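Novice: So I've got this file, entry.txt, and it contains compact mmCIF, C-alpha atoms and all ligand atoms:
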```
# COMPACT_ATOMS: atom_id res chain seq x y z
CA MET A 340 -1.09 12.73 32.93
CA LYS A 341 -2.59 9.44 31.87
CA THR A 342 -1.62 6.62 34.23
CA LEU A 343 -0.69 3.07 33.32
CA ASP A 344 -3.82 1.60 34.88
CA GLN A 345 -5.99 3.75 32.60
CA TYR A 346 -4.50 2.13 29.52
CA ASN A 347 -5.02 -1.30 27.96
CA PHE A 348 -1.92 -2.33 26.05
CA ALA A 349 -3.45 -5.39 24.34
CA GLY A 350 -2.08 -5.58 20.80
CA LYS A 351 -0.08 -2.36 21.28
CA ARG A 352 3.64 -1.80 20.92
CA ALA A 353 4.79 0.49 23.74
CA VAL A 354 7.90 2.65 23.50
CA VAL A 355 8.98 2.79 27.13
CA ARG A 356 11.61 5.35 28.17
CA VAL A 357 13.35 4.00 31.27
CA ASP A 358 16.33 5.30 33.23
CA PHE A 359 18.67 2.32 33.11
CA ASN A 360 21.62 4.58 33.80
CA VAL A 361 23.09 2.10 36.29
CA PRO A 362 26.66 1.89 37.61
CA LEU A 363 28.86 -0.75 35.94
CA ASP A 364 32.21 -2.04 37.21
CA LYS A 365 35.32 -2.60 35.04
CA SER A 366 34.03 -5.94 33.79
CA PHE A 367 30.65 -4.36 32.97
CA ALA A 368 28.81 -6.03 35.85
CA ILE A 369 25.95 -3.94 37.26
CA THR A 370 26.86 -2.81 40.78
CA ASP A 371 23.46 -1.36 41.73
CA ASP A 372 20.36 -2.55 39.90
CA THR A 373 17.84 -0.42 41.80
CA ARG A 374 16.77 1.46 38.68
CA ILE A 375 16.26 -1.74 36.72
CA ARG A 376 14.10 -3.31 39.42
CA ALA A 377 12.14 -0.10 39.91
CA ALA A 378 10.81 -0.12 36.33
CA THR A 379 9.77 -3.79 36.29
CA PRO A 380 6.13 -3.34 37.40
CA THR A 381 5.50 -1.04 34.42
CA ILE A 382 7.03 -3.48 31.95
CA LYS A 383 5.16 -6.45 33.42
CA LYS A 384 1.82 -4.61 33.26
CA ILE A 385 2.27 -3.92 29.53
CA LEU A 386 3.26 -7.51 28.80
CA GLN A 387 0.40 -8.91 30.90
CA ASP A 388 -2.09 -6.78 28.99
CA GLY A 389 -0.85 -8.45 25.80
CA GLY A 390 1.38 -5.65 24.58
CA SER A 391 5.01 -5.64 23.48
CA VAL A 392 7.76 -3.40 24.84
CA VAL A 393 10.49 -1.34 23.15
CA LEU A 394 12.87 -0.06 25.83
CA LEU A 395 14.75 3.21 25.35
CA SER A 396 17.39 4.45 27.78
CA HIS A 397 20.64 6.31 28.10
CA LEU A 398 23.70 5.00 29.93
CA GLY A 399 26.37 7.39 31.16
CA ARG A 400 27.41 10.49 29.28
CA PRO A 401 29.01 9.34 26.01
CA LYS A 402 30.57 12.17 24.02
CA GLY A 403 30.72 11.95 20.26
CA GLY A 404 29.18 8.63 19.29
CA PRO A 405 29.16 4.99 20.37
CA GLU A 406 31.51 3.80 23.12
CA ASP A 407 31.61 0.17 24.18
CA LYS A 408 31.64 0.99 27.89
CA TYR A 409 28.33 2.83 27.54
CA SER A 410 26.62 0.14 25.46
CA LEU A 411 23.31 -1.11 26.79
CA LYS A 412 24.28 -4.58 25.52
CA HIS A 413 25.90 -5.01 28.95
CA LEU A 414 22.40 -5.01 30.47
CA VAL A 415 20.75 -7.60 28.20
CA ALA A 416 21.52 -10.68 30.32
CA ARG A 417 20.47 -9.01 33.58
CA LEU A 418 17.21 -7.82 32.03
CA GLY A 419 16.51 -11.33 30.73
CA GLU A 420 16.79 -12.58 34.34
CA GLU A 421 14.66 -9.74 35.64
CA TYR A 422 11.76 -10.42 33.27
CA GLY A 423 12.22 -14.20 33.07
CA GLN A 424 12.28 -14.13 29.30
CA GLU A 425 14.50 -13.31 26.34
CA VAL A 426 15.26 -9.64 25.75
CA GLN A 427 16.13 -8.80 22.14
CA PHE A 428 18.68 -6.10 21.40
CA ALA A 429 18.78 -3.48 18.63
CA THR A 430 22.35 -2.26 18.13
CA ASP A 431 21.42 1.14 16.67
CA ALA A 432 18.61 3.43 17.84
CA LEU A 433 18.06 4.69 14.28
CA ASP A 434 18.01 1.22 12.75
CA ALA A 435 15.61 -0.55 15.09
CA GLU A 436 12.29 -0.12 13.30
CA ALA A 437 12.21 -3.50 11.55
CA GLN A 438 13.03 -5.32 14.78
CA ALA A 439 10.39 -3.32 16.65
CA GLN A 440 7.75 -4.07 14.03
CA ALA A 441 8.50 -7.79 14.21
CA LEU A 442 7.77 -7.92 17.95
CA GLN A 443 4.94 -10.25 18.98
CA PRO A 444 2.73 -9.54 22.00
CA GLY A 445 4.67 -10.35 25.17
CA GLN A 446 8.11 -9.70 23.62
CA ILE A 447 10.73 -7.15 24.66
CA LEU A 448 13.29 -5.24 22.59
CA LEU A 449 16.04 -3.16 24.21
CA VAL A 450 17.39 -0.40 21.97
CA GLU A 451 21.03 0.78 22.13
CA ASN A 452 21.95 3.89 24.15
CA VAL A 453 20.03 6.85 22.71
CA ARG A 454 22.90 9.17 23.73
CA PHE A 455 25.11 7.62 21.05
CA TYR A 456 23.39 10.27 18.94
CA ALA A 457 24.05 13.91 19.87
CA GLU A 458 20.48 14.67 18.78
CA GLU A 459 19.19 12.99 21.94
CA GLU A 460 20.52 15.57 24.39
CA LYS A 461 19.74 18.40 21.98
CA GLY A 462 16.11 17.35 22.02
CA ASN A 463 16.15 17.19 18.22
CA ALA A 464 12.60 16.88 16.88
CA GLU A 465 13.45 14.76 13.80
CA PHE A 466 15.40 12.30 15.89
CA ALA A 467 12.52 12.14 18.38
CA ALA A 468 10.07 11.49 15.54
CA LYS A 469 12.19 8.56 14.36
CA LEU A 470 12.26 7.07 17.84
CA ALA A 471 8.49 7.53 18.05
CA LYS A 472 8.08 5.24 15.03
CA LEU A 473 9.24 2.34 17.20
CA GLY A 474 5.80 2.04 18.81
CA ASP A 475 2.22 3.21 18.91
CA VAL A 476 2.05 4.35 22.52
CA TYR A 477 4.65 6.23 24.59
CA VAL A 478 5.28 5.40 28.24
CA ASN A 479 7.69 7.49 30.31
CA ASP A 480 8.99 5.72 33.41
CA ALA A 481 12.38 7.44 33.52
CA PHE A 482 11.95 9.56 36.65
CA GLY A 483 15.73 9.89 37.11
CA ALA A 484 15.95 11.65 33.73
CA ALA A 485 12.64 13.54 33.91
CA HIS A 486 14.49 16.86 34.45
CA ARG A 487 16.08 16.50 30.99
CA LYS A 488 14.31 17.92 27.95
CA HIS A 489 15.84 15.33 25.65
CA ALA A 490 14.47 13.66 22.53
CA SER A 491 13.47 10.40 24.20
CA THR A 492 12.48 11.83 27.60
CA ALA A 493 10.23 14.67 26.45
CA VAL A 494 10.21 15.75 22.79
CA ILE A 495 9.15 12.31 21.53
CA ALA A 496 5.74 12.68 23.22
CA GLU A 497 4.63 15.27 20.64
CA ASN A 498 4.46 12.45 18.10
CA PHE A 499 1.73 10.66 20.02
CA ALA A 500 -1.87 11.67 20.60
CA PRO A 501 -2.44 12.87 24.20
CA GLU A 502 -4.33 9.66 25.01
CA ASP A 503 -1.29 7.63 23.93
CA ARG A 504 1.14 9.37 26.33
CA VAL A 505 1.34 7.53 29.59
CA GLY A 506 3.22 7.96 32.88
CA GLY A 507 4.66 4.70 34.21
CA TYR A 508 4.24 3.35 37.74
CA LEU A 509 7.71 4.46 38.83
CA LEU A 510 7.24 8.00 37.53
CA GLN A 511 3.85 8.20 39.22
CA GLY A 512 5.12 6.69 42.47
CA GLU A 513 8.08 9.07 42.66
CA LEU A 514 5.86 12.10 42.11
CA ASP A 515 3.36 10.88 44.70
CA ASN A 516 6.08 10.39 47.31
CA ALA A 517 7.71 13.74 46.64
CA LYS A 518 4.30 15.43 46.85
CA LYS A 519 3.54 13.67 50.10
CA VAL A 520 6.66 15.22 51.60
CA LEU A 521 6.14 18.67 50.13
CA GLU A 522 2.41 19.05 50.56
CA GLU A 523 1.17 16.69 53.24
CA ALA A 524 4.13 16.46 55.60
CA GLU A 525 3.17 15.48 59.11
CA ARG A 526 5.08 17.50 61.72
CA PRO A 527 7.71 17.68 62.94
CA PHE A 528 9.21 17.68 59.45
CA THR A 529 13.00 17.34 59.39
CA ALA A 530 15.25 17.70 56.36
CA ILE A 531 18.81 16.42 56.55
CA MET A 532 21.16 17.84 53.96
CA GLY A 533 24.72 16.67 53.47
CA GLY A 534 27.20 15.78 50.80
CA ALA A 535 29.94 17.82 49.33
CA LYS A 536 28.69 21.05 47.78
CA ILE A 537 26.43 23.83 49.01
CA SER A 538 26.22 25.24 45.50
CA ASP A 539 24.34 22.15 44.26
CA LYS A 540 21.80 22.27 47.06
CA ILE A 541 21.29 25.93 47.79
CA LEU A 542 17.98 26.25 45.95
CA ILE A 543 16.47 23.24 47.65
CA ILE A 544 17.66 24.42 51.07
CA GLU A 545 15.99 27.80 50.55
CA LYS A 546 12.80 26.15 49.40
CA LEU A 547 12.80 23.78 52.35
CA LEU A 548 13.02 26.67 54.82
CA ASP A 549 9.35 27.33 54.00
CA LYS A 550 8.39 23.75 54.76
CA VAL A 551 10.43 22.19 57.53
CA ASP A 552 10.62 22.48 61.31
CA ASN A 553 14.21 21.26 61.50
CA LEU A 554 17.00 21.55 58.97
CA LEU A 555 20.10 19.53 59.79
CA ILE A 556 23.19 20.32 57.75
CA GLY A 557 26.08 17.86 57.85
CA GLY A 558 28.72 16.45 55.54
CA GLY A 559 31.33 18.50 53.74
CA MET A 560 29.08 21.50 53.21
CA ALA A 561 28.81 22.17 56.95
CA TYR A 562 32.40 23.50 57.03
CA THR A 563 31.58 26.47 54.83
CA PHE A 564 29.01 27.44 57.47
CA ALA A 565 31.56 26.90 60.29
CA LYS A 566 34.13 29.10 58.55
CA ALA A 567 31.54 31.75 57.75
CA GLN A 568 30.70 31.92 61.45
CA GLY A 569 34.34 32.65 62.21
CA GLY A 570 35.61 29.16 62.99
CA SER A 571 38.88 27.51 61.93
CA ILE A 572 38.26 24.57 59.65
CA GLY A 573 41.82 23.52 58.68
CA ASN A 574 41.80 21.76 55.32
CA SER A 575 38.12 20.80 55.46
CA LEU A 576 35.98 21.24 52.38
CA LEU A 577 35.28 24.94 51.76
CA GLU A 578 33.35 26.86 49.14
CA ALA A 579 34.78 30.27 49.97
CA ASP A 580 32.44 32.12 47.61
CA LYS A 581 29.41 30.63 49.40
CA MET A 582 30.22 31.91 52.90
CA ASP A 583 27.94 34.96 52.62
CA LEU A 584 25.18 32.74 51.39
CA ALA A 585 25.68 30.41 54.34
CA LEU A 586 25.23 33.32 56.77
CA GLU A 587 22.16 34.46 54.85
CA LEU A 588 20.63 31.00 55.17
CA ILE A 589 21.22 31.05 58.92
CA GLU A 590 19.42 34.42 59.13
CA LYS A 591 16.56 33.26 56.92
CA ALA A 592 16.08 30.17 59.03
CA LYS A 593 15.89 32.37 62.15
CA ALA A 594 13.36 34.68 60.53
CA LYS A 595 11.19 31.75 59.50
CA GLY A 596 11.43 30.03 62.88
CA VAL A 597 13.21 26.99 61.44
CA ASN A 598 15.56 25.11 63.76
CA LEU A 599 18.73 25.05 61.63
CA VAL A 600 21.22 22.69 63.24
CA LEU A 601 24.90 22.54 62.32
CA PRO A 602 27.39 20.02 63.67
CA THR A 603 29.15 21.10 66.88
CA ASP A 604 31.98 18.59 66.59
CA SER A 605 33.76 16.60 63.89
CA LEU A 606 35.86 13.51 63.46
CA ILE A 607 38.93 15.01 61.85
CA ALA A 608 41.77 13.35 59.95
CA ASP A 609 45.33 14.32 59.06
CA LYS A 610 44.85 13.14 55.47
CA PHE A 611 42.03 12.10 53.11
CA ALA A 612 42.47 8.36 53.65
CA ASN A 613 40.88 5.59 55.66
CA ASP A 614 44.12 4.94 57.57
CA ALA A 615 44.58 8.60 58.55
CA GLU A 616 45.17 9.62 62.16
CA THR A 617 41.90 10.83 63.65
CA LYS A 618 40.60 12.81 66.60
CA VAL A 619 37.46 14.65 67.63
CA THR A 620 37.41 18.45 67.86
CA PRO A 621 34.79 21.21 67.99
CA ASN A 622 33.73 22.10 64.48
CA SER A 623 35.09 25.61 64.89
CA GLN A 624 38.54 24.53 66.06
CA ILE A 625 39.97 22.26 63.41
CA PRO A 626 43.78 22.64 63.37
CA ASP A 627 45.72 23.48 60.23
CA GLY A 628 46.59 20.40 58.21
CA TRP A 629 43.55 18.48 59.49
CA MET A 630 40.16 18.03 57.85
CA GLY A 631 36.68 17.15 59.06
CA LEU A 632 35.52 13.92 57.41
CA ASP A 633 32.59 12.88 59.61
CA LEU A 634 30.25 14.09 62.35
CA GLY A 635 31.65 13.93 65.88
CA PRO A 636 29.82 12.05 68.68
CA ASP A 637 27.93 15.09 70.07
CA SER A 638 26.63 15.98 66.61
CA ILE A 639 25.63 12.38 65.95
CA GLN A 640 23.66 12.43 69.20
CA ALA A 641 22.00 15.77 68.46
CA PHE A 642 21.09 14.86 64.86
CA SER A 643 19.81 11.41 65.83
CA ASP A 644 17.63 12.78 68.66
CA ILE A 645 15.90 15.24 66.33
CA VAL A 646 15.42 12.61 63.63
CA ARG A 647 13.92 10.12 66.09
CA GLN A 648 11.29 12.69 67.12
CA SER A 649 10.30 13.53 63.53
CA LYS A 650 7.20 12.44 61.65
CA THR A 651 8.40 13.34 58.15
CA ILE A 652 12.04 13.01 57.10
CA LEU A 653 13.76 14.01 53.88
CA TRP A 654 17.42 13.04 53.53
CA ASN A 655 19.77 14.13 50.80
CA GLY A 656 23.54 13.73 51.00
CA PRO A 657 25.81 11.72 53.31
CA MET A 658 27.03 13.08 56.69
CA GLY A 659 30.66 12.24 56.02
CA VAL A 660 32.96 10.39 53.66
CA PHE A 661 30.99 7.18 54.19
CA GLU A 662 32.84 5.44 51.36
CA MET A 663 35.75 5.08 53.83
CA SER A 664 34.69 2.83 56.70
CA ASN A 665 36.34 4.96 59.42
CA PHE A 666 34.24 7.96 58.37
CA ALA A 667 30.88 6.23 57.89
CA LYS A 668 29.61 6.44 61.45
CA GLY A 669 27.74 9.75 61.12
CA THR A 670 25.95 8.59 57.98
CA GLU A 671 25.23 5.18 59.49
CA SER A 672 23.89 6.68 62.74
CA VAL A 673 21.59 9.06 60.90
CA ALA A 674 20.39 6.16 58.71
CA GLN A 675 19.71 4.15 61.88
CA ALA A 676 17.78 7.05 63.43
CA ILE A 677 15.72 7.37 60.24
CA ALA A 678 15.02 3.62 60.30
CA ASP A 679 13.92 3.89 63.97
CA ALA A 680 11.66 6.86 63.29
CA THR A 681 10.16 5.06 60.28
CA GLN A 682 9.39 2.07 62.44
CA GLN A 683 7.57 4.43 64.82
CA GLY A 684 5.37 5.58 61.94
CA ALA A 685 7.33 8.44 60.36
CA PHE A 686 7.48 8.83 56.57
CA SER A 687 11.06 8.89 55.28
CA LEU A 688 12.14 9.79 51.76
CA ILE A 689 15.76 9.30 50.69
CA GLY A 690 16.92 11.16 47.60
CA GLY A 691 20.20 11.59 45.77
CA GLY A 692 22.52 9.04 44.24
CA ASP A 693 25.02 8.98 47.10
CA SER A 694 22.45 8.95 49.89
CA ALA A 695 20.61 6.09 48.21
CA ALA A 696 23.91 4.24 47.75
CA ALA A 697 24.76 4.82 51.42
CA VAL A 698 21.38 3.49 52.56
CA ASN A 699 21.77 0.41 50.34
CA GLN A 700 25.40 -0.16 51.29
CA LEU A 701 24.72 0.16 55.02
CA GLY A 702 21.78 -2.24 54.79
CA PHE A 703 18.90 0.12 55.62
CA SER A 704 17.04 -0.03 52.30
CA GLU A 705 14.12 -2.05 53.71
CA GLN A 706 13.78 0.18 56.77
CA VAL A 707 12.97 3.52 55.15
CA SER A 708 9.71 4.49 53.47
CA TYR A 709 10.96 5.33 49.99
CA ILE A 710 14.29 5.56 48.20
CA SER A 711 14.04 7.78 45.15
CA THR A 712 15.69 6.68 41.90
CA GLY A 713 16.20 10.35 41.08
CA GLY A 714 19.05 12.59 42.13
CA GLY A 715 18.83 15.81 40.15
CA ALA A 716 15.25 15.08 39.09
CA LEU A 717 14.00 14.85 42.67
CA LEU A 718 15.85 17.98 43.74
CA GLU A 719 14.54 19.99 40.79
CA TYR A 720 11.01 18.82 41.46
CA MET A 721 11.34 19.82 45.10
CA GLU A 722 12.76 23.21 44.14
CA GLY A 723 9.44 23.76 42.37
CA LYS A 724 10.80 23.44 38.84
CA GLU A 725 8.82 21.84 36.09
CA LEU A 726 10.03 18.40 34.97
CA PRO A 727 10.00 18.35 31.13
CA GLY A 728 9.51 14.56 31.12
CA VAL A 729 6.29 14.99 33.08
CA THR A 730 5.04 18.13 31.31
CA ALA A 731 5.43 16.41 27.93
CA LEU A 732 2.87 13.80 28.92
CA GLY A 733 0.15 16.44 29.35
N1 LIG A 801 33.27 16.04 55.31
C1 LIG A 801 33.37 15.71 54.01
N2 LIG A 801 34.48 16.02 53.31
C2 LIG A 801 34.60 15.68 52.01
N3 LIG A 801 33.65 15.03 51.31
C3 LIG A 801 32.53 14.70 51.96
C4 LIG A 801 32.33 15.02 53.33
N4 LIG A 801 31.12 14.58 53.69
C5 LIG A 801 30.59 13.98 52.61
N5 LIG A 801 31.41 14.04 51.56
C6 LIG A 801 31.24 13.46 50.23
O1 LIG A 801 30.10 13.97 49.58
C7 LIG A 801 29.80 13.08 48.52
C8 LIG A 801 28.33 13.12 48.22
O2 LIG A 801 27.95 14.40 47.89
P1 LIG A 801 26.68 14.72 46.99
O3 LIG A 801 26.97 14.28 45.60
O4 LIG A 801 26.38 16.14 47.23
O5 LIG A 801 25.55 13.78 47.63
P2 LIG A 801 24.28 13.14 46.91
O6 LIG A 801 24.75 12.36 45.70
O7 LIG A 801 23.68 12.23 47.96
O8 LIG A 801 23.38 14.27 46.56
C9 LIG A 801 30.24 11.71 48.99
O9 LIG A 801 31.09 11.16 48.03
C10 LIG A 801 30.96 11.98 50.30
O10 LIG A 801 32.16 11.26 50.43
O1 LIG A 802 21.79 9.44 36.88
C1 LIG A 802 20.98 10.33 36.61
O2 LIG A 802 20.81 11.43 37.36
P1 LIG A 802 21.43 11.68 38.87
O3 LIG A 802 22.94 11.58 38.77
O4 LIG A 802 20.94 13.06 39.22
O5 LIG A 802 20.85 10.62 39.79
C2 LIG A 802 20.05 10.24 35.44
O6 LIG A 802 20.21 9.03 34.74
C3 LIG A 802 20.25 11.45 34.53
O7 LIG A 802 21.54 11.38 33.98
P2 LIG A 802 22.26 12.72 33.48
O8 LIG A 802 22.54 13.57 34.71
O9 LIG A 802 23.52 12.27 32.76
O10 LIG A 802 21.30 13.42 32.55
```
Take the structure I supplied and represent it as structure tokens, if you would.
Specialist:
Amino acid sequence: MKTLDQYNFAGKRAVVRVDFNVPLDKSFAITDDTRIRAATPTIKKILQDGGSVVLLSHLGRPKGGPEDKYSLKHLVARLGEEYGQEVQFATDALDAEAQAQALQPGQILLVENVRFYAEEEKGNAEFAAKLAKLGDVYVNDAFGAAHRKHASTAVIAENFAPEDRVGGYLLQGELDNAKKVLEEAERPFTAIMGGAKISDKILIIEKLLDKVDNLLIGGGMAYTFAKAQGGSIGNSLLEADKMDLALELIEKAKAKGVNLVLPTDSLIADKFANDAETKVTPNSQIPDGWMGLDLGPDSIQAFSDIVRQSKTILWNGPMGVFEMSNFAKGTESVAQAIADATQQGAFSLIGGGDSAAAVNQLGFSEQVSYISTGGGALLEYMEGKELPGVTALG
């Protein structure tokens, strides 16, 4: 893959695929601009070389044509601030060529949501060829969408000569950090998996069993393990069809000598609400009508101790329902332990939309080594799958 520093953009018009799929509130204000800020070094480098930039992105998952709430026009003002200059806007991805051709060196054009055309997600070659006409070099910096074989993330590259296909700084940086964890992890290496569903994370957990010394499993998915081991979990989250798999994972971990740690206690609630009644019980003895919504104090202690002694840490998925303040302590404590370990020289990589949001929301973003902009993309890469967005640059 050709890197940005190997390319001189002077006099070139670069089609840059970014992942500006950012959360917007009801009045279309951006609530987390991490992905916008993460792509800025790439855009600045092109402009500083004397090139111009045509930005392509998706926003959300529009079905069946344009929808105002998914319009990238809501990002124009924020992008203008980010780059300190005017950002032009093309209201239709298939009618942007004249505007693109009129760009002068140093200018930026943002093109409307490519997913307003169904051809984008289908990876339609004709559609991709039309998008390719918007520039004379293709830069992919959309790591968060690199696991999609869509027209603008992958197929488009075929329309450019190999020397005019370039990986952006963000794409490169994400791959470097993921590789560092997978291939050069200093030991002890601890992975912390949480969140809601085992089914989403099963492949990565299996893969990690070959890599890690410690695997800590918290959050909602821990209750399927507790139930599979014969415990009572009340109304806690359960994927009943994954109980056998949970037991298999425990056996595999044993066979591979991995220290798989499950929570021993939980903070349980009598309803799924911040003002619920709460108490602490062993994870295997949750009464009917109650549900585990966070780690209990013993589990927090055990998880934090292991994290603090680790030299490489990978975290994906919150330890409880951190969106409700009364159930955020497990997630916050693990984040604190990661921050402490990082300060002692450990390398910490945070992946997954909700984990990244938790780290940002709880104020730890400056205290970890790297927060990935990819959710699914990072997991797929770590599972050993090929990322079409990266392969296409070859
Ligand atoms: N004990 C629990 N019960 C129910 N939901 C939980 C529990 N622990 C965590 N969650 C929820 O899991 C969600 C995140 O899951 P997931 O999407 O798998 O994480 P990520 O986006 O980090 O990969 C959060 O919204 C959180 O509230
Ligand atoms: O938000 C994204 O991925 P993520 O939810 O895995 O972090 C990317 O923009 C990809 O979006 P998609 O999952 O609609 O293809």
Novice: Around ligand LIG 801 (chain A), which protein and nucleic acid residues have at least one atom no more than 9 Å from it, if we count all atoms listed in the file? List them as a compact mmCIF listing (two decimals) with C-alpha atoms, in the frame of the given file.
Specialist:
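Result file follows (out-v4.txt):
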```
# COMPACT_ATOMS: atom_id res chain seq x y z
CA MET A 532 21.16 17.84 53.96
CA GLY A 533 24.72 16.67 53.47
CA GLY A 534 27.20 15.78 50.80
CA ALA A 535 29.94 17.82 49.33
CA LYS A 536 28.69 21.05 47.78
CA ILE A 537 26.43 23.83 49.01
CA ASP A 539 24.34 22.15 44.26
CA LYS A 540 21.80 22.27 47.06
CA GLY A 557 26.08 17.86 57.85
CA GLY A 558 28.72 16.45 55.54
CA GLY A 559 31.33 18.50 53.74
CA MET A 560 29.08 21.50 53.21
CA ALA A 561 28.81 22.17 56.95
CA TYR A 562 32.40 23.50 57.03
CA SER A 575 38.12 20.80 55.46
CA LEU A 576 35.98 21.24 52.38
CA SER A 605 33.76 16.60 63.89
CA LEU A 606 35.86 13.51 63.46
CA ILE A 607 38.93 15.01 61.85
CA PHE A 611 42.03 12.10 53.11
CA MET A 630 40.16 18.03 57.85
CA GLY A 631 36.68 17.15 59.06
CA LEU A 632 35.52 13.92 57.41
CA ASP A 633 32.59 12.88 59.61
CA LEU A 634 30.25 14.09 62.35
CA TRP A 654 17.42 13.04 53.53
CA ASN A 655 19.77 14.13 50.80
CA GLY A 656 23.54 13.73 51.00
CA PRO A 657 25.81 11.72 53.31
CA MET A 658 27.03 13.08 56.69
CA GLY A 659 30.66 12.24 56.02
CA VAL A 660 32.96 10.39 53.66
CA PHE A 661 30.99 7.18 54.19
CA GLU A 662 32.84 5.44 51.36
CA MET A 663 35.75 5.08 53.83
CA PHE A 666 34.24 7.96 58.37
CA THR A 670 25.95 8.59 57.98
CA ILE A 689 15.76 9.30 50.69
CA GLY A 690 16.92 11.16 47.60
CA GLY A 691 20.20 11.59 45.77
CA GLY A 692 22.52 9.04 44.24
CA ASP A 693 25.02 8.98 47.10
CA SER A 694 22.45 8.95 49.89
CA ALA A 695 20.61 6.09 48.21
CA ALA A 696 23.91 4.24 47.75
CA ALA A 697 24.76 4.82 51.42
CA GLY A 714 19.05 12.59 42.13
CA GLY A 715 18.83 15.81 40.15
CA LEU A 718 15.85 17.98 43.74
```
Novice: Can I get the residues of chain A within 7 Å of ligand LIG 802 (chain A), each with the closest pair of atoms and their distance in Å to one decimal, using all atoms listed in the file, sorted chain first then ascending number, as a tab-separated table?
Specialist:
```
residue	atom	partner	partner_atom	distance
A:Asp358	CA	A:LIG802	O6	5.6
A:Asn360	CA	A:LIG802	O6	4.8
A:Gly399	CA	A:LIG802	O9	5.9
A:Arg400	CA	A:LIG802	O9	5.5
A:Gly483	CA	A:LIG802	C2	4.6
A:Ala484	CA	A:LIG802	C3	4.4
A:Arg487	CA	A:LIG802	O10	6.3
A:Gly691	CA	A:LIG802	O5	6.1
A:Gly692	CA	A:LIG802	O5	5.0
A:Thr712	CA	A:LIG802	O5	6.8
A:Gly713	CA	A:LIG802	O5	4.8
A:Gly714	CA	A:LIG802	O4	3.5
A:Gly715	CA	A:LIG802	O4	3.6
A:Ala716	CA	A:LIG802	O4	6.0
```
Novice: Using only C-alpha atoms, determine which residues lie at most 12 Å from A:Ser704, disregarding the query and same-chain residues fewer than 4 positions distant; provide the list as a PDB file with C-alpha atoms, keeping the file's coordinate frame.
Specialist:
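Result file out_22.pdb:
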```pdb
ATOM      1  CA  THR A 373      17.840  -0.420  41.800  1.00  0.00           C
ATOM      2  CA  ALA A 674      20.390   6.160  58.710  1.00  0.00           C
ATOM      3  CA  GLN A 675      19.710   4.150  61.880  1.00  0.00           C
ATOM      4  CA  ILE A 677      15.720   7.370  60.240  1.00  0.00           C
ATOM      5  CA  ALA A 678      15.020   3.620  60.300  1.00  0.00           C
ATOM      6  CA  THR A 681      10.160   5.060  60.280  1.00  0.00           C
ATOM      7  CA  SER A 687      11.060   8.890  55.280  1.00  0.00           C
ATOM      8  CA  LEU A 688      12.140   9.790  51.760  1.00  0.00           C
ATOM      9  CA  ILE A 689      15.760   9.300  50.690  1.00  0.00           C
ATOM     10  CA  SER A 694      22.450   8.950  49.890  1.00  0.00           C
ATOM     11  CA  ALA A 695      20.610   6.090  48.210  1.00  0.00           C
ATOM     12  CA  ALA A 696      23.910   4.240  47.750  1.00  0.00           C
ATOM     13  CA  ALA A 697      24.760   4.820  51.420  1.00  0.00           C
ATOM     14  CA  VAL A 698      21.380   3.490  52.560  1.00  0.00           C
ATOM     15  CA  ASN A 699      21.770   0.410  50.340  1.00  0.00           C
ATOM     16  CA  GLN A 700      25.400  -0.160  51.290  1.00  0.00           C
ATOM     17  CA  SER A 708       9.710   4.490  53.470  1.00  0.00           C
ATOM     18  CA  TYR A 709      10.960   5.330  49.990  1.00  0.00           C
ATOM     19  CA  ILE A 710      14.290   5.560  48.200  1.00  0.00           C
ATOM     20  CA  SER A 711      14.040   7.780  45.150  1.00  0.00           C
TER      21      SER A 711
END
```
Novice: A:Ala464: which residues within 10 Å, counting all atoms listed in the file, same-chain residues fewer than 5 positions away excluded, as a compact mmCIF listing (two decimals) with C-alpha atoms, in the coordinates of the input?
Specialist:
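Result went into part_6.txt, see below:
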```txt
# COMPACT_ATOMS: atom_id res chain seq x y z
CA GLU A 458 20.48 14.67 18.78
CA GLU A 459 19.19 12.99 21.94
CA LYS A 469 12.19 8.56 14.36
CA LEU A 470 12.26 7.07 17.84
CA HIS A 489 15.84 15.33 25.65
CA ALA A 490 14.47 13.66 22.53
CA SER A 491 13.47 10.40 24.20
CA VAL A 494 10.21 15.75 22.79
CA ILE A 495 9.15 12.31 21.53
CA GLU A 497 4.63 15.27 20.64
CA ASN A 498 4.46 12.45 18.10
```
Novice: Which residues, written as a compact mmCIF listing (two decimals) with C-alpha atoms, keeping the file's coordinate frame, have at least one atom at most 9 Å from stretch 441-450 of chain A, with all atoms listed in the file counted and residues fewer than 6 positions away on the same chain left out?
Specialist:
```txt
# COMPACT_ATOMS: atom_id res chain seq x y z
CA ALA A 349 -3.45 -5.39 24.34
CA GLY A 350 -2.08 -5.58 20.80
CA LYS A 351 -0.08 -2.36 21.28
CA ARG A 352 3.64 -1.80 20.92
CA ILE A 382 7.03 -3.48 31.95
CA ILE A 385 2.27 -3.92 29.53
CA LEU A 386 3.26 -7.51 28.80
CA GLN A 387 0.40 -8.91 30.90
CA ASP A 388 -2.09 -6.78 28.99
CA GLY A 389 -0.85 -8.45 25.80
CA GLY A 390 1.38 -5.65 24.58
CA SER A 391 5.01 -5.64 23.48
CA VAL A 392 7.76 -3.40 24.84
CA VAL A 393 10.49 -1.34 23.15
CA LEU A 394 12.87 -0.06 25.83
CA LEU A 395 14.75 3.21 25.35
CA SER A 396 17.39 4.45 27.78
CA LEU A 411 23.31 -1.11 26.79
CA LYS A 412 24.28 -4.58 25.52
CA VAL A 415 20.75 -7.60 28.20
CA GLN A 424 12.28 -14.13 29.30
CA GLU A 425 14.50 -13.31 26.34
CA VAL A 426 15.26 -9.64 25.75
CA GLN A 427 16.13 -8.80 22.14
CA PHE A 428 18.68 -6.10 21.40
CA ALA A 429 18.78 -3.48 18.63
CA THR A 430 22.35 -2.26 18.13
CA ASP A 431 21.42 1.14 16.67
CA ALA A 432 18.61 3.43 17.84
CA ALA A 435 15.61 -0.55 15.09
```
